[in-house]
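A.B. asks: Okay, so here is target36.cif, and as you'll see once you scroll down, it has mmCIF, C-alpha atoms.
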```cif
data_input
#
loop_
_atom_site.label_atom_id
_atom_site.label_comp_id
_atom_site.auth_asym_id
_atom_site.auth_seq_id
_atom_site.Cartn_x
_atom_site.Cartn_y
_atom_site.Cartn_z
CA MET A 1 -11.79 -5.19 17.66
CA TYR A 2 -8.92 -4.60 15.32
CA GLN A 3 -5.55 -4.70 17.07
CA ARG A 4 -3.13 -4.99 14.14
CA ILE A 5 -3.78 -2.84 11.07
CA LEU A 6 -1.67 -3.39 7.96
CA VAL A 7 -1.41 -0.45 5.56
CA PRO A 8 0.18 -0.80 2.11
CA TYR A 9 1.72 2.66 1.70
CA ASP A 10 3.44 4.35 -1.23
CA GLY A 11 3.33 7.97 -0.09
CA SER A 12 0.76 9.04 -2.70
CA ALA A 13 -2.22 11.20 -1.77
CA THR A 14 -4.47 8.18 -2.16
CA SER A 15 -2.43 5.90 0.09
CA SER A 16 -2.09 8.78 2.59
CA ARG A 17 -5.87 8.93 2.78
CA GLY A 18 -5.86 5.22 3.65
CA LEU A 19 -3.17 5.84 6.26
CA ASP A 20 -5.24 8.63 7.83
CA GLU A 21 -8.18 6.25 8.19
CA ALA A 22 -5.93 3.56 9.69
CA ILE A 23 -4.64 6.10 12.23
CA ARG A 24 -8.21 7.07 13.11
CA LEU A 25 -9.16 3.43 13.63
CA ALA A 26 -6.02 2.71 15.62
CA ASN A 27 -6.77 5.62 17.95
CA LEU A 28 -10.31 4.31 18.46
CA THR A 29 -9.31 0.70 19.11
CA GLY A 30 -5.80 0.97 20.57
CA ALA A 31 -4.43 -0.92 17.57
CA SER A 32 -0.89 -0.98 16.22
CA VAL A 33 -0.15 -0.10 12.60
CA ARG A 34 2.32 -1.72 10.24
CA LEU A 35 3.24 0.18 7.08
CA LEU A 36 4.23 -1.91 4.08
CA HIS A 37 6.05 -0.42 1.12
CA MET A 38 7.02 -2.45 -1.90
CA VAL A 39 9.91 -1.53 -4.17
CA ASP A 40 8.53 -2.35 -7.61
CA ALA A 41 11.80 -2.60 -9.50
CA LEU A 42 10.14 -4.07 -12.58
CA LEU A 43 7.99 -0.97 -12.93
CA PHE A 44 11.04 1.01 -14.01
CA ALA A 45 12.85 -1.64 -16.03
CA THR A 46 13.09 -0.48 -19.62
CA GLY A 47 15.58 -2.93 -20.98
CA PHE A 48 17.92 -0.09 -21.91
CA GLU A 49 19.90 -0.18 -18.68
CA THR A 50 22.77 -2.54 -18.25
CA ALA A 51 22.30 -5.16 -15.56
CA THR A 52 25.12 -3.55 -13.59
CA ALA A 53 23.47 -0.11 -13.65
CA TYR A 54 20.11 -1.58 -12.75
CA VAL A 55 21.35 -3.64 -9.81
CA GLY A 56 24.07 -1.22 -8.73
CA GLU A 57 22.27 2.11 -9.06
CA ILE A 58 18.54 1.91 -9.69
CA ILE A 59 17.50 -0.71 -7.14
CA PRO A 60 19.50 0.86 -4.27
CA PHE A 61 17.99 4.25 -5.16
CA MET A 62 14.49 2.73 -5.09
CA ARG A 63 15.19 1.09 -1.72
CA GLN A 64 16.37 4.42 -0.32
CA ALA A 65 13.25 6.16 -1.66
CA GLY A 66 11.08 3.41 -0.16
CA GLU A 67 12.73 3.83 3.23
CA SER A 68 12.13 7.60 3.05
CA ILE A 69 8.45 7.03 2.23
CA LEU A 70 8.12 4.63 5.15
CA GLN A 71 9.85 7.02 7.56
CA GLU A 72 7.51 9.85 6.53
CA GLY A 73 4.50 7.62 7.10
CA LYS A 74 5.90 6.30 10.38
CA ALA A 75 6.37 9.84 11.67
CA ARG A 76 2.73 10.66 10.86
CA VAL A 77 1.51 7.61 12.76
CA GLU A 78 3.81 8.24 15.74
CA ASN A 79 2.70 11.89 15.89
CA ALA A 80 -0.86 10.61 16.29
CA GLY A 81 0.24 8.55 19.30
CA VAL A 82 -0.12 5.17 17.60
CA LYS A 83 2.39 2.33 17.82
CA VAL A 84 3.86 1.67 14.36
CA ASP A 85 6.49 -0.33 12.56
CA THR A 86 7.49 -0.63 8.92
CA VAL A 87 8.37 -3.28 6.36
CA LEU A 88 10.11 -2.73 3.04
CA VAL A 89 9.70 -5.49 0.46
CA ASP A 90 11.99 -5.44 -2.56
CA SER A 91 11.68 -8.84 -4.15
CA VAL A 92 11.01 -8.83 -7.89
CA ALA A 93 9.44 -12.27 -7.55
CA VAL A 94 6.58 -11.06 -5.31
CA ARG A 95 3.49 -9.09 -6.29
CA LEU A 96 1.92 -6.58 -3.92
CA PHE A 97 -1.04 -8.76 -2.94
CA GLU A 98 1.36 -11.60 -2.11
CA ALA A 99 3.51 -9.30 0.04
CA VAL A 100 0.39 -8.06 1.83
CA ASN A 101 -0.84 -11.60 2.50
CA ASP A 102 2.63 -12.63 3.69
CA GLN A 103 2.63 -9.73 6.17
CA VAL A 104 -0.90 -10.56 7.34
CA ALA A 105 0.33 -14.05 8.22
CA ALA A 106 3.73 -13.04 9.64
CA TRP A 107 2.38 -10.20 11.80
CA ASN A 108 -1.04 -11.68 12.52
CA ALA A 109 -2.81 -8.59 11.15
CA ASP A 110 -6.56 -8.50 11.55
CA LEU A 111 -7.37 -5.64 9.14
CA ILE A 112 -5.88 -4.23 5.93
CA VAL A 113 -6.54 -0.58 5.09
CA ILE A 114 -5.92 0.61 1.52
CA GLY A 115 -6.37 3.98 -0.15
CA THR A 116 -8.00 3.48 -3.56
CA HIS A 117 -8.82 5.53 -6.63
CA GLY A 118 -11.94 3.47 -7.26
CA ARG A 119 -11.21 3.16 -10.97
CA ARG A 120 -13.58 1.26 -13.16
CA GLY A 121 -13.70 0.20 -16.77
CA VAL A 122 -10.77 1.01 -19.05
CA GLY A 123 -8.79 2.83 -16.33
CA ARG A 124 -8.83 -0.28 -14.19
CA LEU A 125 -8.01 -2.57 -17.11
CA LEU A 126 -5.05 -0.46 -18.26
CA LEU A 127 -3.58 0.34 -14.87
CA GLY A 128 -4.29 -2.88 -13.02
CA SER A 129 -5.87 -3.27 -9.65
CA ASP A 130 -3.73 -3.96 -6.61
CA ALA A 131 -6.65 -3.34 -4.26
CA GLU A 132 -8.86 -5.78 -6.14
CA GLN A 133 -6.22 -8.51 -5.90
CA ILE A 134 -5.78 -7.83 -2.20
CA VAL A 135 -9.54 -7.92 -1.54
CA ARG A 136 -9.93 -11.17 -3.46
CA THR A 137 -7.10 -12.97 -1.69
CA ALA A 138 -6.96 -11.42 1.79
CA PRO A 139 -7.57 -13.75 4.73
CA VAL A 140 -8.77 -10.78 6.84
CA PRO A 141 -11.19 -7.89 6.25
CA VAL A 142 -10.06 -5.11 3.92
CA LEU A 143 -11.12 -1.48 4.30
CA LEU A 144 -10.97 0.46 1.02
CA VAL A 145 -10.71 4.22 1.50
CA ARG A 146 -11.76 6.07 -1.62
CA ALA A 147 -9.63 8.96 -2.85
CA THR A 148 -11.05 12.45 -2.61
CA GLU A 149 -12.24 14.02 -5.85
CA ALA A 150 -9.14 16.25 -5.91
CA SER A 151 -6.69 13.36 -5.56
CA ALA A 152 -8.70 11.18 -7.95
CA THR A 153 -8.19 13.70 -10.77
CA VAL A 154 -4.43 13.76 -10.35
CA PRO A 155 -2.76 11.37 -12.83
CA ALA A 156 -1.84 8.23 -10.93
CA LYS A 157 1.48 6.47 -10.85
CA ALA A 158 1.25 2.88 -11.99
CA SER A 159 2.41 1.82 -8.51
CA ASP A 160 -0.65 3.26 -6.81
CA ALA A 161 -3.20 2.15 -9.37
CA VAL A 162 -5.89 0.40 -7.41
CA SER A 163 -9.64 0.11 -7.79
CA GLY A 164 -12.59 0.22 -5.48
CA VAL A 165 -14.30 -3.14 -5.57
CA THR A 166 -16.75 -4.78 -3.30
CA ASP A 167 -16.29 -8.26 -2.01
CA LYS A 168 -17.18 -10.23 1.08
CA ASN A 169 -13.98 -8.92 2.69
CA ALA A 170 -14.22 -5.29 1.52
CA VAL A 171 -15.76 -2.29 3.17
CA ALA A 172 -15.50 1.11 1.50
CA ALA A 173 -15.04 4.21 3.63
#
```
Represent the structure from my file as structure tokens, please.
C.D. replies:
Amino acid sequence: MYQRILVPYDGSATSSRGLDEAIRLANLTGASVRLLHMVDALLFATGFETATAYVGEIIPFMRQAGESILQEGKARVENAGVKVDTVLVDSVAVRLFEAVNDQVAAWNADLIVIGTHGRRGVGRLLLGSDAEQIVRTAPVPVLLVRATEASATVPAKASDAVSGVTDKNAVAA
């Protein structure tokens, strides 16, 4: 039985689909949910900003946006009657899969649930694959929840570019 479900969450339609599945599982098993949001400051670095503007304005704005995303997700989980907490990671030296694995260890999570676009081929190569990296390195099972057709046709942000892969740790919903 899963008692601690970790959900990487960026507020996108795809990650919301993963969150919905985590809520469903938590209600079935009595599990707690931890939402993880990562501020990807390097995603928006163009080199045109001064260091002062970047550190003084952009990063605090991204942290505030991340906290808002987490609070929205937390409210959804609480409204479903599930115990929830949140973690915001904003280190530029950590990649998402590393932050996820760190939280698995720190919180003793026994399942990771991720919303995924299920990209293949060139789309996956160009946009990267956070889900694939998580599946390959996770010390616990990973549930990949595929985006609906409607959300899969919406252009993705680079921060929620993930792919549906199969691995010994992955189960697609």
A.B. asks: With only C-alpha atoms as the atoms that count, which of A:Arg17, A:Arg95, A:His117, A:Arg146 lies nearest to Gly73 (chain A)?
C.D. replies: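 Ranked by minimum distance to Gly73 (chain A), first place goes to A:Arg17.
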A.B. asks: So how far away is CA of Ala147 (chain A) from CA of Leu6 (chain A), in Å?
C.D. replies: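 Taking CA of Leu6 (chain A) as the start and CA of Ala147 (chain A) as the end point, the length is 18.2 Å.
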A.B. asks: Point out the residue among A:Ala75, A:Val82, A:Ile134, A:Val140 with the least atom-to-atom distance to Thr116 (chain A), counting all atoms listed in the file.
C.D. replies: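 Closest candidate: A:Ile134.
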A.B. asks: Nearest residue to Leu88 (chain A) out of A:Val135, A:Ala65, A:Val7, A:Val39, using all atoms listed in the file?
C.D. replies: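 Comparing A:Val135, A:Ala65, A:Val7, A:Val39 against Leu88 (chain A), the winner is A:Val39.
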A.B. asks: So which one's closest to Thr86 (chain A), A:Val33, A:Val100, A:Val113, A:Val145? Using all atoms listed in the file, please.
C.D. replies: A:Val33
A.B. asks: Report, in Å with one decimal, the straight-line distance from CA of Ala93 (chain A) to CA of Ser32 (chain A).
C.D. replies: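 CA of Ala93 (chain A) sits 28.3 Å away from CA of Ser32 (chain A).
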A.B. asks: Identify all residues satisfying the PyMOL selection byres ((chain A and resi 14) around 9) in the given file; provide them as a PDB file with C-alpha atoms, in the coordinates of the input.
C.D. replies:
```pdb
ATOM      1  CA  ASP A  10       3.440   4.350  -1.230  1.00  0.00           C
ATOM      2  CA  GLY A  11       3.330   7.970  -0.090  1.00  0.00           C
ATOM      3  CA  SER A  12       0.760   9.040  -2.700  1.00  0.00           C
ATOM      4  CA  ALA A  13      -2.220  11.200  -1.770  1.00  0.00           C
ATOM      5  CA  SER A  15      -2.430   5.900   0.090  1.00  0.00           C
ATOM      6  CA  SER A  16      -2.090   8.780   2.590  1.00  0.00           C
ATOM      7  CA  ARG A  17      -5.870   8.930   2.780  1.00  0.00           C
ATOM      8  CA  GLY A  18      -5.860   5.220   3.650  1.00  0.00           C
ATOM      9  CA  LEU A  19      -3.170   5.840   6.260  1.00  0.00           C
ATOM     10  CA  ILE A 114      -5.920   0.610   1.520  1.00  0.00           C
ATOM     11  CA  GLY A 115      -6.370   3.980  -0.150  1.00  0.00           C
ATOM     12  CA  THR A 116      -8.000   3.480  -3.560  1.00  0.00           C
ATOM     13  CA  HIS A 117      -8.820   5.530  -6.630  1.00  0.00           C
ATOM     14  CA  VAL A 145     -10.710   4.220   1.500  1.00  0.00           C
ATOM     15  CA  ARG A 146     -11.760   6.070  -1.620  1.00  0.00           C
ATOM     16  CA  ALA A 147      -9.630   8.960  -2.850  1.00  0.00           C
ATOM     17  CA  THR A 148     -11.050  12.450  -2.610  1.00  0.00           C
ATOM     18  CA  SER A 151      -6.690  13.360  -5.560  1.00  0.00           C
ATOM     19  CA  ALA A 152      -8.700  11.180  -7.950  1.00  0.00           C
ATOM     20  CA  ASP A 160      -0.650   3.260  -6.810  1.00  0.00           C
TER      21      ASP A 160
END
```
A.B. asks: Nearest to Ala99 (chain A) among A:Ala22, A:Val87, A:Met62, A:Ile5, with distances taken over only C-alpha atoms: which residue is it?
C.D. replies: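 The shortest atom-to-atom distance to Ala99 (chain A) comes from A:Val87.
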A.B. asks: Taking only C-alpha atoms into account, name the residue in A:Val77, A:Val84, A:Leu70, A:Ala138 that is nearest to Phe97 (chain A).
C.D. replies: A:Ala138
A.B. asks: For the atom pair CA of Gly66 (chain A) and CA of Leu28 (chain A), what is the interatomic distance in Å to one decimal place?
C.D. replies: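 So the two atoms, CA of Gly66 (chain A) and CA of Leu28 (chain A), lie 28.4 Å apart.
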